[in-house]
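Structure first, commentary second.
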Amino acid sequence: MQDFAVLKLLDRFESAFRRMGVDYRLMRRIVQVKLALDGRRVATLQMSDATAPEMEDNRFFRSLWVYMLASIVKAVLLLMDWPLFLVMTIYISLLMPALMMIMAADFSVVLLDLRDRMILLPRPVEARTINAARVVHILIYLSVLTGALNMAGLVVGAYRFGVLFIPLMLASLFLLCLLVVALASLLYTAALKYFDGEKLKDMINALQVIIMVGMNIGLVLFLRTFRLFDLELAVSWQWWMYLLPPFWFAALISLGMGEAVSASMVRLAAMAMIIPPFVMFFYVKVISPVFEQNMAKFASVERVLHHRESIFTALLRKVSRLLPGSRVVGALVRGSHALLTKERALKLQLYPSIFGTLLLMPLVLVGSHWEEGTSFVEFIARLRAGHGYYSLYMIIVSAAIMIPLIWFSENHKAAWLYRAMPLPEPTPIVRGAVLGYIVSLVLPISIISSAVMLLLFGFERALDLFVIVMGGPLMVLIIVRLTNKRLPFSEEVVRIQAKSGVGGILTLVIAGGLALAHWLFAAHVSLYAYLVLQVLGILYLWQTSFPLTWQALDDDSV
Amino acid sequence: MEPIIEVKDLFMSYGNQAVLRGVNFRVYPGQVIGYIGPNGAGKSTTIKIILGLITKYHGTVKVFGEDIWRQGVFYKGRIGYVPENADVYESLSGHEYISFVGDLYGVPAEILAARATKLVTLLDLREYYHSRISSYSKGMRQKLLIIASVIHNPDVLFLDEPITGLDVNSVMIFKEIIAGLARQGKTVFYSSHIMEVVEKISDRIILLHKGVVAADGTVEELQRATLDDSLQGIFSTVTGFTNHKGIADHFVAAVVG
């Protein structure tokens, strides 16, 4: 087995690990196996295809270039002619949510992995050591990722502030990673302590969604706040600066560069250097054994003595049985509703973007039509005079864009089922899954939000809103048509942005096109004509967008 | 009598590794077939081919008297299947999974609900029927898969290692279920490594070794042919494996040495 370079780097911290009560040699060995496993994930899509060459391919590293691209955008910030402390505060405030988000989405699976427990716990390995291996494994990945996220920032920073910027920035980034991982682990420990079994998994899932929604919104609010304040005056001392980690790291960097030296600066910088290692030390030494103990709760079986079906599910069940044509379509509608609302890996990708948009919409609407001293009546009047209802397209997009999720599942191998069924063609399966997505997600979201819009904008906008709602299924069908089709819930879950085959840009083009057509028809022709066109479009796409044979599906999914 | 399953000159390979090298057998209605063989002999592959999960094979496979290649997929509606790896959508509850499968097979809603409720109650899954499958133990999951495989009242059952993880009492029930289904004229194609159970429930043994049928007959016929009294002995003789004692001795020596 390869001895990874990073492990040799790790060796330098051996004594620190020993002081935390970790069996360093053992932990190093576990991390080594984990890293080797990561490198061997085979990138084949079809499980039956044993002929495919084994590729030493790591998906993680393929997505790195996206992060690098994002880092260039952030690096521009470093060219601004503002005080270093302010620039770094903004820079790290942008970075930290991104790291938390990646942590919540991608690494919680690693943190909460039960499988290696089955291998490790029967052996004489201490819980603390197992947990430390877990944390180090994550820390390594998060550090690589952070490096990618800040590649451009490092170069630009060195160019502008001098070479000293690089080691300072790297040290700050590492400390930041340490803090993020330790905080996330503490949070999960708390969740593990108070819940068990499937409830616990739901709780953690909810927690992840909340973190991600919070980050999305926080970011936007943060940017808006900065617009409101006069940037020149921003560096004035506030006690709450001590509470926000971005200020600590910004202080560390600007102090290191010899700028803005003051007592409070030194205090902030000291916090950056002391708190992350301390939190990590505290976590590994004191908390992590509790974490591992409580992990066992994951395995407990729940009993449901009184089962109650939700009204929506019951309604869906009854209505889907009335579907003309195919019982299979109905089965898939119900099945995909159940999977989309229950599979945590899917929910984690689905909900943050949808809820994030849902929560942001009112802020955007209020923000652009509200000023100090506006009365509610004036506000509504001003709102109704404009075309703010077009913003409903944003919500529809956020729901429609996730349609490729229906190809994925945590248990993708369970898709053997479809081929064992007496189905001459896969068409009804794929159709049913798409329809299931539309009725269980796109329609409820658009109906509820358009109802709110209707109250805000008045009934004269009812037709416009109806047209926008009709755009939802249309958008979903266009995306399905343009992308590769597979068997529903038959592929391993990955971040779908990387895998779906339809970029966010394409979706925005589609949505923009629909909105533009909407506007043109409203201004020059008639919305009723547009509505008719939409219905025809939906019917046409419904008839023509789905693979007709098993063979075509196999060809498509390769 | 017409065979219900007929496999003739079945060849199949993964890449350049041949798995099946000319498998031949016929199965008649009401038979319980114990399909056994060493790991990697091609048992699961045969079953997957008959079910149409693998399509790249050479040879003829007839089910219900007609070539599966020619007759389309509707024969699958008369087959039940428990796959070896127990892959299911674990986020669904047992109830949701059974309903999903039943719907795909086209079982009318009322029959489905009534039958499923009876079956889960009988196998002691009632309390967990609305829990996520991910929280099930191995045995519970296996029970659920067995129920899912019979929910459409199939004529032929393919069971690939169906009793892994079942407790002793459940295995006793399971054996009786198989016998009962056979008395109703159902055909059961049963693949397992647990020889005691195979010996008990099978009318006939088909032993697959290195991609061909190495032995085929009732347990008594095989006993006479091989002069072994247990199925385990027959298995070792036919697969030409007699060195278990020697290997074990060396193993123990290596552990303590």
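Just so we're on the same page: first chain in the structure tokens is A, next is B, and so on; residues restart at 1 for each chain, and ligands are numbered from 1 in the order they show up.
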
Practice prompt. Pick out the residues sitting within 12 Å of Asp160 (chain B), and hand them over as a ChimeraX atom specification; count only C-alpha atoms, and ignore anything fewer than 4 positions along from it in its own chain.
Written response: /B:33-36,42-48,80-86,142,145-146,149,164,188-194,198

Worksheet item: Using the chain letters and numbers from this document, which residues of region 8-217 of chain B does DSSP assign to helix (DSSP H, G or I), as a ChimeraX atom specification?
Response: /B:43-50,74-78,94-105,109-122,126-128,133-135,138-150,168-183,195-201

Do you have, as CSV, the list of residues of chain B lying at most 7 Å from chain A, each with its nearest atom pair and that distance in Å to one decimal, counting only C-alpha atoms and ordered by chain then number?
```
residue,atom,partner,partner_atom,distance
B:Tyr14,CA,A:Ala50,CA,6.3
B:Gly15,CA,A:Thr51,CA,5.1
B:Leu51,CA,A:Ala420,CA,6.1
B:Gly52,CA,A:Ala420,CA,6.8
B:Leu53,CA,A:Arg419,CA,5.8
B:Gly72,CA,A:Pro424,CA,6.4
B:Val73,CA,A:Pro422,CA,4.8
B:Phe74,CA,A:Pro422,CA,4.5
B:Tyr75,CA,A:Pro422,CA,6.5
B:Lys76,CA,A:Pro422,CA,4.7
B:Gly77,CA,A:Pro422,CA,5.0
B:Asp87,CA,A:Ala414,CA,4.6
B:Val88,CA,A:Ala414,CA,4.4
B:Tyr89,CA,A:Asn411,CA,5.3
B:Glu90,CA,A:Asn411,CA,6.6
B:Ser91,CA,A:Glu343,CA,5.4
B:Leu92,CA,A:Leu339,CA,6.5
B:Phe100,CA,A:Ala331,CA,5.9
B:Asp103,CA,A:Ala331,CA,5.4
B:Leu104,CA,A:Val328,CA,5.5
B:Tyr105,CA,A:Met421,CA,6.5
B:Gly106,CA,A:Arg327,CA,6.7
B:Glu127,CA,A:Arg303,CA,5.5
B:Tyr128,CA,A:Arg303,CA,5.1
B:His130,CA,A:Val304,CA,5.8
B:Ser131,CA,A:Val304,CA,6.1
B:Ser135,CA,A:Val301,CA,4.9
B:Tyr136,CA,A:Val301,CA,6.2
```

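What separates CA of Thr237 (chain B) from CA of Phe158 (chain B) is a distance of 26.2 Å.
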
Discussion item. Would you pick out the contacts of Ala529 (chain A) at 12 Å or less, using only C-alpha atoms, so that residues sharing its chain but fewer than 3 positions from it are not included, and give the list as number ranges by chain?
Written reply: A: 463, 467, 517-518, 520-522, 524-526, 532-536

Just the residues within 12 Å of region 240-255 of chain B, please, counting only C-alpha atoms, with nothing from its chain fewer than 4 positions along; format it as a PDB file with C-alpha atoms, in the first residue's frame.
```pdb
ATOM      1  CA  GLY B  37     -22.323 -25.338  -6.400  1.00  0.00           C
ATOM      2  CA  PRO B  38     -19.108 -23.746  -5.147  1.00  0.00           C
ATOM      3  CA  HIS B 209     -19.372 -26.800 -11.088  1.00  0.00           C
ATOM      4  CA  LYS B 210     -17.010 -24.767 -13.246  1.00  0.00           C
ATOM      5  CA  ALA B 214     -21.807 -31.707 -12.752  1.00  0.00           C
ATOM      6  CA  THR B 226     -21.426 -41.137  -5.302  1.00  0.00           C
ATOM      7  CA  GLN B 232     -22.402 -32.270   1.874  1.00  0.00           C
ATOM      8  CA  GLY B 233     -20.451 -35.408   1.017  1.00  0.00           C
ATOM      9  CA  ILE B 234     -21.992 -35.546  -2.447  1.00  0.00           C
ATOM     10  CA  PHE B 235     -21.019 -31.925  -2.965  1.00  0.00           C
ATOM     11  CA  SER B 236     -17.375 -32.579  -2.070  1.00  0.00           C
TER      12      SER B 236
END
```

Worksheet entry | From A:Leu120, A:Val87, A:Leu192, A:Leu506, residue lying nearest Phe291 (chain A) [only C-alpha atoms] |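 Closest residue, counting only C-alpha atoms: A:Leu192.
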
Worksheet item: Near Pro473 (chain A), within 12 Å and counting only C-alpha atoms, which residues show up once chain neighbours fewer than 6 positions away are dropped, as number ranges by chain?
Response: A: 396-397, 399-401, 403, 434-446, 467, 479-480, 511, 514, 534-535, 537-539, 541-542

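Nearest residue to Phe25 (chain B) among B:Ala116, B:Ile98, B:Met1, B:Val61 is B:Val61, counting only C-alpha atoms.
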
Worksheet, complete the sentence: Between A:Val509, A:Ile287, A:Met295, A:Leu465, smallest distance to Leu121 (chain A) by only C-alpha atoms belongs to A:Met295

Item to complete: May I ask which of the residues A:Leu482, A:Val155, A:Val266, A:Leu183 is the closest one to Val284 (chain A), counting only C-alpha atoms?
Response: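 Of A:Leu482, A:Val155, A:Val266, A:Leu183, the one nearest Val284 (chain A) is A:Leu183, counting only C-alpha atoms.
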
Discussion item. Env of Leu255 (chain A): 8 Å cut, atoms = only C-alpha atoms, seq-sep filter 4 positions within chain, self excluded. Answer as a PyMOL selection string.
Written reply: chain A and resi 251+259-261+265-266+269

Residues from last step as file, N, CA and C atoms, as an mmCIF file, in the first residue's frame:
```
data_model
loop_
_atom_site.group_PDB
_atom_site.id
_atom_site.type_symbol
_atom_site.label_atom_id
_atom_site.label_comp_id
_atom_site.auth_asym_id
_atom_site.auth_seq_id
_atom_site.Cartn_x
_atom_site.Cartn_y
_atom_site.Cartn_z
ATOM 1 N N ALA A 251 -7.451 39.223 11.162
ATOM 2 C CA ALA A 251 -6.512 39.907 12.053
ATOM 3 C C ALA A 251 -5.150 39.227 12.010
ATOM 4 N N GLU A 259 0.328 45.197 9.282
ATOM 5 C CA GLU A 259 -0.647 46.281 9.110
ATOM 6 C C GLU A 259 -1.556 46.390 10.322
ATOM 7 N N ALA A 260 -2.012 47.593 10.572
ATOM 8 C CA ALA A 260 -3.031 47.861 11.590
ATOM 9 C C ALA A 260 -2.743 47.201 12.926
ATOM 10 N N VAL A 261 -1.543 47.399 13.440
ATOM 11 C CA VAL A 261 -1.186 46.790 14.712
ATOM 12 C C VAL A 261 -1.884 47.518 15.856
ATOM 13 N N MET A 265 -6.309 43.940 17.761
ATOM 14 C CA MET A 265 -5.858 43.117 16.655
ATOM 15 C C MET A 265 -5.094 41.898 17.165
ATOM 16 N N VAL A 266 -4.202 42.155 18.115
ATOM 17 C CA VAL A 266 -3.391 41.066 18.665
ATOM 18 C C VAL A 266 -4.290 40.038 19.344
ATOM 19 N N ALA A 269 -5.991 37.996 16.651
ATOM 20 C CA ALA A 269 -5.050 37.066 16.017
ATOM 21 C C ALA A 269 -4.726 35.904 16.942
#
```

Worksheet item: Hey, which of A:Ser15, A:Ser288, A:Asn205, A:Ser262 ends up closest to Glu126 (chain A)? Count only C-alpha atoms.
Response: A:Ser288

Item to complete: Select, from B:Tyr97, B:Val171, B:Ser13, B:Ala182, the residue with the minimum atom-to-atom distance to Ser134 (chain B), counting only C-alpha atoms.
Response: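 The answer is B:Tyr97, which sits nearest to Ser134 (chain B).
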
Fill in: 10 Å contact set for Glu199 (chain B), only C-alpha atoms, chain neighbours under 4 positions out, as a PyMOL selection string
chain B and resi 34+194-195+203-205+218-219+230-232

Take the residues from that selection and put them in a file with all heavy atoms, as an mmCIF file, in the first residue's frame.
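Final file, again-v5.cif:
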```
data_model
loop_
_atom_site.group_PDB
_atom_site.id
_atom_site.type_symbol
_atom_site.label_atom_id
_atom_site.label_comp_id
_atom_site.auth_asym_id
_atom_site.auth_seq_id
_atom_site.Cartn_x
_atom_site.Cartn_y
_atom_site.Cartn_z
ATOM 1 N N GLY B 34 -32.915 -27.803 -5.894
ATOM 2 C CA GLY B 34 -31.821 -27.238 -5.122
ATOM 3 C C GLY B 34 -30.674 -26.980 -6.078
ATOM 4 O O GLY B 34 -30.079 -27.908 -6.622
ATOM 5 N N ILE B 194 -26.385 -23.675 2.178
ATOM 6 C CA ILE B 194 -26.707 -24.394 3.410
ATOM 7 C C ILE B 194 -27.274 -25.762 3.032
ATOM 8 O O ILE B 194 -28.460 -25.910 2.750
ATOM 9 C CB ILE B 194 -27.710 -23.589 4.264
ATOM 10 C CG1 ILE B 194 -27.156 -22.176 4.458
ATOM 11 C CG2 ILE B 194 -27.947 -24.265 5.605
ATOM 12 C CD1 ILE B 194 -28.126 -21.220 5.096
ATOM 13 N N MET B 195 -26.393 -26.773 3.016
ATOM 14 C CA MET B 195 -26.733 -28.076 2.454
ATOM 15 C C MET B 195 -27.844 -28.791 3.211
ATOM 16 O O MET B 195 -28.664 -29.485 2.624
ATOM 17 C CB MET B 195 -25.488 -28.971 2.421
ATOM 18 C CG MET B 195 -24.452 -28.518 1.410
ATOM 19 S SD MET B 195 -25.127 -28.466 -0.248
ATOM 20 C CE MET B 195 -24.722 -26.805 -0.730
ATOM 21 N N ASP B 203 -36.639 -31.683 -4.198
ATOM 22 C CA ASP B 203 -36.963 -32.949 -4.849
ATOM 23 C C ASP B 203 -35.785 -33.379 -5.695
ATOM 24 O O ASP B 203 -35.629 -34.530 -6.043
ATOM 25 C CB ASP B 203 -38.121 -32.808 -5.849
ATOM 26 C CG ASP B 203 -39.295 -32.121 -5.246
ATOM 27 O OD1 ASP B 203 -39.535 -32.355 -4.058
ATOM 28 O OD2 ASP B 203 -39.966 -31.356 -5.970
ATOM 29 N N ARG B 204 -35.010 -32.387 -6.082
ATOM 30 C CA ARG B 204 -33.988 -32.679 -7.066
ATOM 31 C C ARG B 204 -32.851 -31.676 -6.896
ATOM 32 O O ARG B 204 -33.089 -30.522 -6.559
ATOM 33 C CB ARG B 204 -34.631 -32.505 -8.449
ATOM 34 C CG ARG B 204 -33.718 -32.791 -9.595
ATOM 35 C CD ARG B 204 -34.515 -32.639 -10.873
ATOM 36 N NE ARG B 204 -33.645 -32.242 -11.958
ATOM 37 C CZ ARG B 204 -34.055 -31.599 -13.037
ATOM 38 N NH1 ARG B 204 -35.332 -31.258 -13.163
ATOM 39 N NH2 ARG B 204 -33.216 -31.295 -13.979
ATOM 40 N N ILE B 205 -31.637 -32.187 -7.087
ATOM 41 C CA ILE B 205 -30.461 -31.338 -6.933
ATOM 42 C C ILE B 205 -29.827 -31.115 -8.295
ATOM 43 O O ILE B 205 -29.680 -32.057 -9.081
ATOM 44 C CB ILE B 205 -29.410 -32.037 -6.025
ATOM 45 C CG1 ILE B 205 -30.001 -32.422 -4.674
ATOM 46 C CG2 ILE B 205 -28.162 -31.164 -5.873
ATOM 47 C CD1 ILE B 205 -30.349 -31.250 -3.796
ATOM 48 N N THR B 218 -32.258 -36.730 -7.939
ATOM 49 C CA THR B 218 -32.756 -36.641 -6.571
ATOM 50 C C THR B 218 -31.596 -36.921 -5.623
ATOM 51 O O THR B 218 -30.571 -37.467 -6.028
ATOM 52 C CB THR B 218 -33.856 -37.696 -6.310
ATOM 53 O OG1 THR B 218 -33.268 -38.985 -6.491
ATOM 54 C CG2 THR B 218 -35.017 -37.527 -7.265
ATOM 55 N N VAL B 219 -31.808 -36.549 -4.361
ATOM 56 C CA VAL B 219 -30.750 -36.767 -3.381
ATOM 57 C C VAL B 219 -30.392 -38.261 -3.340
ATOM 58 O O VAL B 219 -29.217 -38.634 -3.300
ATOM 59 C CB VAL B 219 -31.198 -36.268 -1.987
ATOM 60 C CG1 VAL B 219 -30.133 -36.584 -0.942
ATOM 61 C CG2 VAL B 219 -31.469 -34.780 -2.022
ATOM 62 N N SER B 230 -24.469 -37.953 2.765
ATOM 63 C CA SER B 230 -25.041 -36.621 2.961
ATOM 64 C C SER B 230 -24.839 -35.778 1.709
ATOM 65 O O SER B 230 -23.967 -36.067 0.887
ATOM 66 C CB SER B 230 -24.353 -35.927 4.137
ATOM 67 O OG SER B 230 -23.028 -35.607 3.785
ATOM 68 N N LEU B 231 -25.655 -34.731 1.606
ATOM 69 C CA LEU B 231 -25.520 -33.837 0.456
ATOM 70 C C LEU B 231 -24.164 -33.141 0.492
ATOM 71 O O LEU B 231 -23.536 -32.889 -0.523
ATOM 72 C CB LEU B 231 -26.650 -32.806 0.460
ATOM 73 C CG LEU B 231 -26.758 -31.953 -0.804
ATOM 74 C CD1 LEU B 231 -26.879 -32.808 -2.037
ATOM 75 C CD2 LEU B 231 -27.937 -31.012 -0.713
ATOM 76 N N GLN B 232 -23.706 -32.895 1.722
ATOM 77 C CA GLN B 232 -22.402 -32.270 1.874
ATOM 78 C C GLN B 232 -21.306 -33.151 1.288
ATOM 79 O O GLN B 232 -20.430 -32.695 0.566
ATOM 80 C CB GLN B 232 -22.150 -32.039 3.367
ATOM 81 C CG GLN B 232 -20.871 -31.318 3.674
ATOM 82 C CD GLN B 232 -20.676 -31.217 5.178
ATOM 83 O OE1 GLN B 232 -21.571 -30.821 5.918
ATOM 84 N NE2 GLN B 232 -19.498 -31.599 5.633
#
```

Practice prompt. Could you tell me how far CA of Leu208 (chain B) lies from CA of Leu144 (chain B), in Å and to one decimal?
Written response: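 These atoms are spaced 28.1 Å apart.
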